[in-house]
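Student: My structure file input.pdb, PDB, C-alpha atoms, is below:
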ATOM      1  CA  MET A  25     150.469  33.920 -46.229
ATOM      2  CA  TRP A  26     154.257  34.242 -46.127
ATOM      3  CA  LYS A  27     154.057  36.467 -43.060
ATOM      4  CA  GLY A  28     151.884  33.863 -41.330
ATOM      5  CA  TRP A  29     154.339  31.106 -42.155
ATOM      6  CA  GLY A  30     157.224  33.279 -41.010
ATOM      7  CA  TRP A  31     155.479  33.870 -37.689
ATOM      8  CA  ALA A  32     154.536  30.180 -37.272
ATOM      9  CA  THR A  33     158.113  28.999 -37.853
ATOM     10  CA  THR A  34     159.656  31.450 -35.403
ATOM     11  CA  THR A  35     157.145  31.902 -32.594
ATOM     12  CA  GLU A  36     157.947  30.570 -29.150
ATOM     13  CA  ARG A  37     154.303  29.496 -28.857
ATOM     14  CA  LEU A  38     155.148  26.524 -31.089
ATOM     15  CA  ALA A  39     158.434  25.714 -29.353
ATOM     16  CA  VAL A  40     159.097  22.151 -28.238
ATOM     17  CA  GLN A  41     158.380  21.822 -24.523
ATOM     18  CA  LYS A  42     157.936  18.036 -24.291
ATOM     19  CA  VAL A  43     159.743  15.186 -26.026
ATOM     20  CA  ARG A  44     158.129  11.735 -25.725
ATOM     21  CA  VAL A  45     160.281   8.760 -26.632
ATOM     22  CA  LEU A  46     158.465   5.489 -27.329
ATOM     23  CA  GLY A  47     159.559   1.956 -28.191
ATOM     24  CA  ASN A  48     163.082   2.260 -26.874
ATOM     25  CA  THR A  49     164.611  -0.337 -24.595
ATOM     26  CA  ARG A  50     168.224  -0.201 -25.802
ATOM     27  CA  VAL A  51     168.416   3.437 -26.901
ATOM     28  CA  THR A  52     168.729   5.611 -23.807
ATOM     29  CA  ALA A  53     167.383   9.135 -23.367
ATOM     30  CA  ALA A  54     170.972  10.381 -23.150
ATOM     31  CA  GLN A  55     171.764   8.758 -26.506
ATOM     32  CA  VAL A  56     168.656  10.346 -28.046
ATOM     33  CA  SER A  57     169.873  13.753 -26.853
ATOM     34  CA  LYS A  58     173.423  13.118 -28.054
ATOM     35  CA  LEU A  59     172.402  11.926 -31.518
ATOM     36  CA  GLY A  60     169.460  14.281 -32.008
ATOM     37  CA  GLY A  61     170.932  17.343 -30.373
ATOM     38  CA  PRO A  62     168.942  19.822 -28.323
ATOM     39  CA  MET A  63     165.245  19.711 -29.179
ATOM     40  CA  VAL A  64     163.508  21.581 -26.363
ATOM     41  CA  GLY A  65     162.998  25.198 -27.329
ATOM     42  CA  LEU A  66     163.150  24.616 -31.090
ATOM     43  CA  ASN A  67     160.169  25.636 -33.176
ATOM     44  CA  LEU A  68     158.116  22.553 -34.096
ATOM     45  CA  LEU A  69     157.373  23.720 -37.634
ATOM     46  CA  ALA A  70     160.918  24.850 -38.377
ATOM     47  CA  MET A  71     162.482  21.552 -37.211
ATOM     48  CA  ASP A  72     164.110  19.276 -39.772
ATOM     49  CA  VAL A  73     162.220  16.121 -38.792
ATOM     50  CA  GLY A  74     163.830  14.079 -41.572
ATOM     51  CA  GLY A  75     167.286  15.148 -40.447
ATOM     52  CA  LEU A  76     166.439  14.194 -36.869
ATOM     53  CA  GLU A  77     165.240  10.752 -38.020
ATOM     54  CA  ARG A  78     168.470  10.235 -39.984
ATOM     55  CA  ALA A  79     170.587  11.259 -36.988
ATOM     56  CA  LEU A  80     168.724   8.919 -34.626
ATOM     57  CA  SER A  81     168.956   6.077 -37.175
ATOM     58  CA  ALA A  82     172.728   6.108 -36.686
ATOM     59  CA  HIS A  83     172.312   4.245 -33.392
ATOM     60  CA  PRO A  84     173.112   0.554 -34.042
ATOM     61  CA  TRP A  85     170.039  -0.740 -32.192
ATOM     62  CA  VAL A  86     167.657   1.398 -34.267
ATOM     63  CA  LYS A  87     165.879  -0.498 -37.017
ATOM     64  CA  SER A  88     163.587   2.431 -37.793
ATOM     65  CA  VAL A  89     162.515   5.678 -36.196
ATOM     66  CA  ALA A  90     159.610   8.045 -36.798
ATOM     67  CA  VAL A  91     159.493  11.594 -35.467
ATOM     68  CA  SER A  92     156.164  13.399 -35.365
ATOM     69  CA  ARG A  93     155.025  16.817 -34.240
ATOM     70  CA  ARG A  94     152.142  17.268 -31.835
ATOM     71  CA  LEU A  95     150.993  20.869 -31.814
ATOM     72  CA  PRO A  96     151.329  23.060 -29.942
ATOM     73  CA  ASP A  97     154.473  21.960 -28.063
ATOM     74  CA  SER A  98     155.324  18.242 -28.282
ATOM     75  CA  LEU A  99     157.604  16.024 -30.269
ATOM     76  CA  VAL A 100     157.086  12.241 -30.342
ATOM     77  CA  ILE A 101     159.964   9.936 -31.265
ATOM     78  CA  THR A 102     158.944   6.330 -31.902
ATOM     79  CA  PHE A 103     161.647   3.683 -32.225
ATOM     80  CA  THR A 104     161.552   0.197 -33.617
ATOM     81  CA  GLU A 105     164.665  -1.530 -32.346
ATOM     82  CA  HIS A 106     166.431  -4.552 -33.752
ATOM     83  CA  ALA A 107     165.635  -7.779 -31.907
ATOM     84  CA  PRO A 108     168.641 -10.106 -31.943
ATOM     85  CA  VAL A 109     167.837 -13.721 -32.763
ATOM     86  CA  ALA A 110     171.344 -15.082 -33.398
ATOM     87  CA  LEU A 111     175.013 -14.237 -33.559
ATOM     88  CA  VAL A 112     177.098 -14.539 -36.706
ATOM     89  CA  SER A 113     180.842 -15.092 -36.599
ATOM     90  CA  VAL A 114     182.714 -13.138 -39.277
ATOM     91  CA  SER A 115     186.091 -12.502 -37.595
ATOM     92  CA  ASP A 116     184.057 -10.766 -34.868
ATOM     93  CA  LEU A 117     180.665 -11.650 -33.462
ATOM     94  CA  TYR A 118     177.703  -9.648 -34.757
ATOM     95  CA  LEU A 119     174.120  -9.621 -33.575
ATOM     96  CA  VAL A 120     171.646 -10.681 -36.273
ATOM     97  CA  ASN A 121     167.957  -9.756 -36.503
ATOM     98  CA  ALA A 122     165.147 -11.946 -37.874
ATOM     99  CA  ASP A 123     165.651 -10.477 -41.365
ATOM    100  CA  GLY A 124     169.167 -11.962 -41.442
ATOM    101  CA  GLU A 125     170.763  -8.542 -41.071
ATOM    102  CA  PRO A 126     173.918  -8.333 -38.954
ATOM    103  CA  PHE A 127     173.241  -4.988 -37.300
ATOM    104  CA  LYS A 128     175.782  -4.549 -34.521
ATOM    105  CA  ARG A 129     179.077  -5.929 -33.281
ATOM    106  CA  ALA A 130     178.316  -7.908 -30.124
ATOM    107  CA  GLN A 131     179.783  -6.507 -26.919
ATOM    108  CA  PRO A 132     180.757  -8.613 -23.878
ATOM    109  CA  ASN A 133     177.902  -7.118 -21.840
ATOM    110  CA  GLU A 134     175.504  -8.242 -24.576
ATOM    111  CA  ALA A 135     176.544 -11.879 -24.288
ATOM    112  CA  MET A 136     173.170 -13.366 -24.975
ATOM    113  CA  ASP A 137     172.230 -16.981 -25.078
ATOM    114  CA  LEU A 138     171.766 -16.962 -28.838
ATOM    115  CA  PRO A 139     172.640 -19.562 -31.465
ATOM    116  CA  LEU A 140     175.854 -18.917 -33.375
ATOM    117  CA  ILE A 141     175.998 -18.950 -37.184
ATOM    118  CA  THR A 142     179.443 -19.952 -38.457
ATOM    119  CA  GLY A 143     181.083 -20.592 -41.810
ATOM    120  CA  ILE A 144     180.429 -17.188 -43.366
ATOM    121  CA  GLU A 145     183.428 -15.261 -44.631
ATOM    122  CA  ARG A 146     183.758 -11.579 -43.758
ATOM    123  CA  ASP A 147     184.568 -10.784 -47.412
ATOM    124  CA  ALA A 148     181.280 -12.363 -48.500
ATOM    125  CA  LEU A 149     179.362 -10.277 -45.990
ATOM    126  CA  VAL A 150     180.984  -7.114 -47.323
ATOM    127  CA  SER A 151     181.168  -7.776 -51.073
ATOM    128  CA  ARG A 152     178.017  -9.904 -51.524
ATOM    129  CA  ARG A 153     175.887  -8.506 -48.726
ATOM    130  CA  ASP A 154     172.440  -9.363 -50.144
ATOM    131  CA  GLU A 155     173.437 -12.898 -51.114
ATOM    132  CA  THR A 156     175.081 -13.494 -47.736
ATOM    133  CA  ARG A 157     172.054 -12.091 -45.924
ATOM    134  CA  LEU A 158     169.932 -14.712 -47.716
ATOM    135  CA  VAL A 159     172.308 -17.435 -46.501
ATOM    136  CA  ILE A 160     171.971 -16.119 -42.941
ATOM    137  CA  ARG A 161     168.197 -15.947 -43.390
ATOM    138  CA  ARG A 162     168.185 -19.588 -44.517
ATOM    139  CA  ALA A 163     170.096 -20.543 -41.349
ATOM    140  CA  LEU A 164     167.514 -18.652 -39.280
ATOM    141  CA  ILE A 165     164.643 -20.443 -41.043
ATOM    142  CA  ALA A 166     166.321 -23.776 -40.217
ATOM    143  CA  LEU A 167     166.670 -22.696 -36.577
ATOM    144  CA  ASP A 168     163.016 -21.722 -36.419
ATOM    145  CA  ALA A 169     161.831 -24.926 -38.097
ATOM    146  CA  TYR A 170     163.933 -27.025 -35.719
ATOM    147  CA  SER A 171     162.724 -25.128 -32.642
ATOM    148  CA  ARG A 172     159.109 -25.929 -33.618
ATOM    149  CA  SER A 173     159.817 -29.632 -34.141
ATOM    150  CA  PRO A 174     159.398 -32.293 -31.454
ATOM    151  CA  ALA A 175     163.115 -33.130 -31.787
ATOM    152  CA  SER A 176     164.009 -29.785 -30.229
ATOM    153  CA  THR A 177     162.628 -30.672 -26.797
ATOM    154  CA  GLY A 178     165.638 -30.639 -24.491
ATOM    155  CA  HIS A 179     168.051 -30.218 -27.408
ATOM    156  CA  ALA A 180     168.514 -26.527 -28.156
ATOM    157  CA  ILE A 181     170.696 -25.461 -31.068
ATOM    158  CA  SER A 182     173.955 -23.764 -30.174
ATOM    159  CA  GLU A 183     175.387 -23.431 -33.692
ATOM    160  CA  VAL A 184     174.406 -23.451 -37.334
ATOM    161  CA  ASN A 185     177.351 -24.086 -39.622
ATOM    162  CA  VAL A 186     177.025 -22.875 -43.190
ATOM    163  CA  SER A 187     179.243 -24.563 -45.780
ATOM    164  CA  ASP A 188     179.329 -25.384 -49.475
ATOM    165  CA  SER A 189     177.623 -28.680 -48.656
ATOM    166  CA  GLY A 190     174.741 -26.964 -46.825
ATOM    167  CA  LEU A 191     173.661 -26.445 -43.232
ATOM    168  CA  THR A 192     174.645 -28.365 -40.120
ATOM    169  CA  LEU A 193     172.852 -27.729 -36.838
ATOM    170  CA  VAL A 194     174.772 -28.444 -33.637
ATOM    171  CA  THR A 195     172.842 -28.932 -30.402
ATOM    172  CA  THR A 196     174.038 -27.761 -26.994
ATOM    173  CA  SER A 197     174.935 -31.411 -26.242
ATOM    174  CA  GLY A 198     177.146 -31.595 -29.365
ATOM    175  CA  GLN A 199     174.815 -33.643 -31.566
ATOM    176  CA  GLU A 200     175.090 -32.689 -35.251
ATOM    177  CA  ILE A 201     172.068 -32.563 -37.531
ATOM    178  CA  VAL A 202     173.211 -32.389 -41.146
ATOM    179  CA  LEU A 203     170.622 -30.757 -43.366
ATOM    180  CA  GLY A 204     172.848 -30.390 -46.385
ATOM    181  CA  ASP A 205     171.390 -28.398 -49.266
ATOM    182  CA  ALA A 206     167.804 -29.470 -48.554
ATOM    183  CA  ASP A 207     165.243 -26.706 -48.724
ATOM    184  CA  VAL A 208     164.124 -25.558 -45.329
ATOM    185  CA  GLU A 209     160.466 -24.641 -45.037
ATOM    186  CA  PRO A 210     159.572 -21.688 -42.810
TER     187      PRO A 210
END
For this file, produce the structure as structure tokens.

Tutor:
Amino acid sequence: MWKGWGWATTTERLAVQKVRVLGNTRVTAAQVSKLGGPMVGLNLLAMDVGGLERALSAHPWVKSVAVSRRLPDSLVITFTEHAPVALVSVSDLYLVNADGEPFKRAQPNEAMDLPLITGIERDALVSRRDETRLVIRRALIALDAYSRSPASTGHAISEVNVSDSGLTLVTTSGQEIVLGDADVEP
């Protein structure tokens, strides 16, 4: 049995010939190669798939990644990328996903037409990450609830300000909608 395993993990017959990358729009093929290293020619069974997943997860747009082997000669890499739904201002601007997770510092070429969440201190984001993420999530729930209401027609939200007194939504025309500490229903 050991001889069979030894052969299977070293034979060129099970070497990677094809790498399929799925689900990526932000992560380029060049970035996959840079983060994952050379894959073509490696033995499929001897590969450290978990290590490859960890390496690819280092890309800021990657929410999750799954690497699977397809015998006899293929590797499939499936990405789930973060989808930005807002920006949060904490000394710098960060992109935020629907889970309330700031996942990447926003770059000028990523200037998206997204609502801005303000009033969150950088120290809070670092020292009380889970609590602060819930505050961001609450702001996102308020944004979603507003966007589904009739009041939103023609009055998009440009900013959600978070303060000790609660949430304030600011429309693109400058109108303020003070929600205070009221619970926001999803």

Student: Separation of atom CA of A:Leu111 and atom CA of A:Thr177, in Å?

Tutor: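 Taking atom CA of A:Leu111 as the start and atom CA of A:Thr177 as the end point, the length is 21.7 Å.
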
Student: Centre and edge lengths, as JSON, for the axis-aligned box enclosing every listed atom of stretch 120-127 of chain A with 3 Å of padding on each of the six sides, in Å to one decimal?

Tutor:
{"center_x": 169.5, "center_y": -8.5, "center_z": -38.9, "size_x": 14.8, "size_y": 13.0, "size_z": 11.2}

Student: So which residues touch A:Gln131 within 10 Å, counting all atoms listed in the file, skipping near sequence neighbours fewer than 5 positions away, as a CSV table (one decimal) with C-alpha atoms, in the frame of the given file?

Tutor:
chain,number,residue,atom,x,y,z
A,116,ASP,CA,184.1,-10.8,-34.9
A,117,LEU,CA,180.7,-11.6,-33.5
A,118,TYR,CA,177.7,-9.6,-34.8
A,119,LEU,CA,174.1,-9.6,-33.6
A,136,MET,CA,173.2,-13.4,-25.0

Student: Calculate how many Å separate atom CA of A:Asn48 from atom CA of A:Asp154, rounding to one decimal.

Tutor: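 If I compute the distance from atom CA of A:Asn48 to atom CA of A:Asp154, I get 27.6 Å.
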
Student: Evaluating the PyMOL selection byres ((chain A and resi 62) around 12) on the displayed file yields which residues, as a compact mmCIF listing (two decimals) with C-alpha atoms, in the coordinates of the input?

Tutor:
# COMPACT_ATOMS: atom_id res chain seq x y z
CA VAL A 40 159.10 22.15 -28.24
CA GLN A 41 158.38 21.82 -24.52
CA LYS A 42 157.94 18.04 -24.29
CA VAL A 43 159.74 15.19 -26.03
CA ALA A 53 167.38 9.14 -23.37
CA ALA A 54 170.97 10.38 -23.15
CA GLN A 55 171.76 8.76 -26.51
CA VAL A 56 168.66 10.35 -28.05
CA SER A 57 169.87 13.75 -26.85
CA LYS A 58 173.42 13.12 -28.05
CA LEU A 59 172.40 11.93 -31.52
CA GLY A 60 169.46 14.28 -32.01
CA GLY A 61 170.93 17.34 -30.37
CA MET A 63 165.24 19.71 -29.18
CA VAL A 64 163.51 21.58 -26.36
CA GLY A 65 163.00 25.20 -27.33
CA LEU A 66 163.15 24.62 -31.09
CA ASN A 67 160.17 25.64 -33.18
CA MET A 71 162.48 21.55 -37.21
CA LEU A 76 166.44 14.19 -36.87

Student: Can you tell me how far atom CA of A:Ala90 sits from atom CA of A:Arg78, in Å to one decimal?

Tutor: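 Between these atoms lies a distance of 9.7 Å.
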
Student: Which residues, named as in the file, does the PyMOL selection byres ((chain A and resi 49) around 10) pick out? Answer as a ChimeraX atom specification.

Tutor: /A:46-48,50-53,85,103-105

Student: Compile a residue-level contact table for stretch 107-130 of chain A against stretch 147-152 of chain A at a cut-off of 12 Å, reporting for every qualifying residue the shortest atom pair and its distance in Å to one decimal, with only C-alpha atoms counted, rows ordered by chain and ascending number, as CSV.

Tutor:
residue,atom,partner,partner_atom,distance
A:Val112,CA,A:Leu149,CA,10.5
A:Ser113,CA,A:Leu149,CA,10.7
A:Val114,CA,A:Leu149,CA,8.0
A:Ser115,CA,A:Asp147,CA,10.1
A:Tyr118,CA,A:Leu149,CA,11.4
A:Gly124,CA,A:Leu149,CA,11.3
A:Glu125,CA,A:Leu149,CA,10.1
A:Pro126,CA,A:Leu149,CA,9.1
A:Phe127,CA,A:Leu149,CA,11.9

Student: Report as a PDB file with C-alpha atoms, in the coordinates of the input the residues that result from applying the PyMOL selection byres ((chain A and resi 164) around 10) to the structure here.

Tutor:
ATOM      1  CA  VAL A 109     167.837 -13.721 -32.763  1.00  0.00           C
ATOM      2  CA  ALA A 110     171.344 -15.082 -33.398  1.00  0.00           C
ATOM      3  CA  VAL A 120     171.646 -10.681 -36.273  1.00  0.00           C
ATOM      4  CA  ASN A 121     167.957  -9.756 -36.503  1.00  0.00           C
ATOM      5  CA  ALA A 122     165.147 -11.946 -37.874  1.00  0.00           C
ATOM      6  CA  ASP A 123     165.651 -10.477 -41.365  1.00  0.00           C
ATOM      7  CA  GLY A 124     169.167 -11.962 -41.442  1.00  0.00           C
ATOM      8  CA  PRO A 139     172.640 -19.562 -31.465  1.00  0.00           C
ATOM      9  CA  ILE A 141     175.998 -18.950 -37.184  1.00  0.00           C
ATOM     10  CA  LEU A 158     169.932 -14.712 -47.716  1.00  0.00           C
ATOM     11  CA  VAL A 159     172.308 -17.435 -46.501  1.00  0.00           C
ATOM     12  CA  ILE A 160     171.971 -16.119 -42.941  1.00  0.00           C
ATOM     13  CA  ARG A 161     168.197 -15.947 -43.390  1.00  0.00           C
ATOM     14  CA  ARG A 162     168.185 -19.588 -44.517  1.00  0.00           C
ATOM     15  CA  ALA A 163     170.096 -20.543 -41.349  1.00  0.00           C
ATOM     16  CA  ILE A 165     164.643 -20.443 -41.043  1.00  0.00           C
ATOM     17  CA  ALA A 166     166.321 -23.776 -40.217  1.00  0.00           C
ATOM     18  CA  LEU A 167     166.670 -22.696 -36.577  1.00  0.00           C
ATOM     19  CA  ASP A 168     163.016 -21.722 -36.419  1.00  0.00           C
ATOM     20  CA  ALA A 169     161.831 -24.926 -38.097  1.00  0.00           C
ATOM     21  CA  TYR A 170     163.933 -27.025 -35.719  1.00  0.00           C
ATOM     22  CA  VAL A 184     174.406 -23.451 -37.334  1.00  0.00           C
ATOM     23  CA  VAL A 208     164.124 -25.558 -45.329  1.00  0.00           C
ATOM     24  CA  PRO A 210     159.572 -21.688 -42.810  1.00  0.00           C
TER      25      PRO A 210
END

Student: Taking 2 positions as the minimum chain separation for residues in the same chain, which residues sit within 10 Å of A:Arg44 when counting all atoms listed in the file? Answer as a ChimeraX atom specification.

Tutor: /A:42,46,53,91-92,98-102

Student: Using all atoms listed in the file, which of A:Leu193, A:Val86, A:Val202, A:Val186 sits nearest A:Ile144?

Tutor: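 Of A:Leu193, A:Val86, A:Val202, A:Val186, the one nearest A:Ile144 is A:Val186, counting all atoms listed in the file.
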
Student: When you look at A:Ser189 with a cut-off of 10 Å (counting all atoms listed in the file), what residues show up, excluding the ones that are within fewer than 4 positions of it in the same chain? I need them as a list in words.

Tutor: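 Skipping anything fewer than 4 positions along the chain leaves Val202, Leu203, Gly204, Asp205 and Ala206 of chain A.
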
Student: Closest to A:Glu183 among A:Leu95, A:Ile201, A:Leu140, A:Ala130, using all atoms listed in the file?

Tutor: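 Ranking A:Leu95, A:Ile201, A:Leu140, A:Ala130 by distance to A:Glu183, first place goes to A:Leu140.
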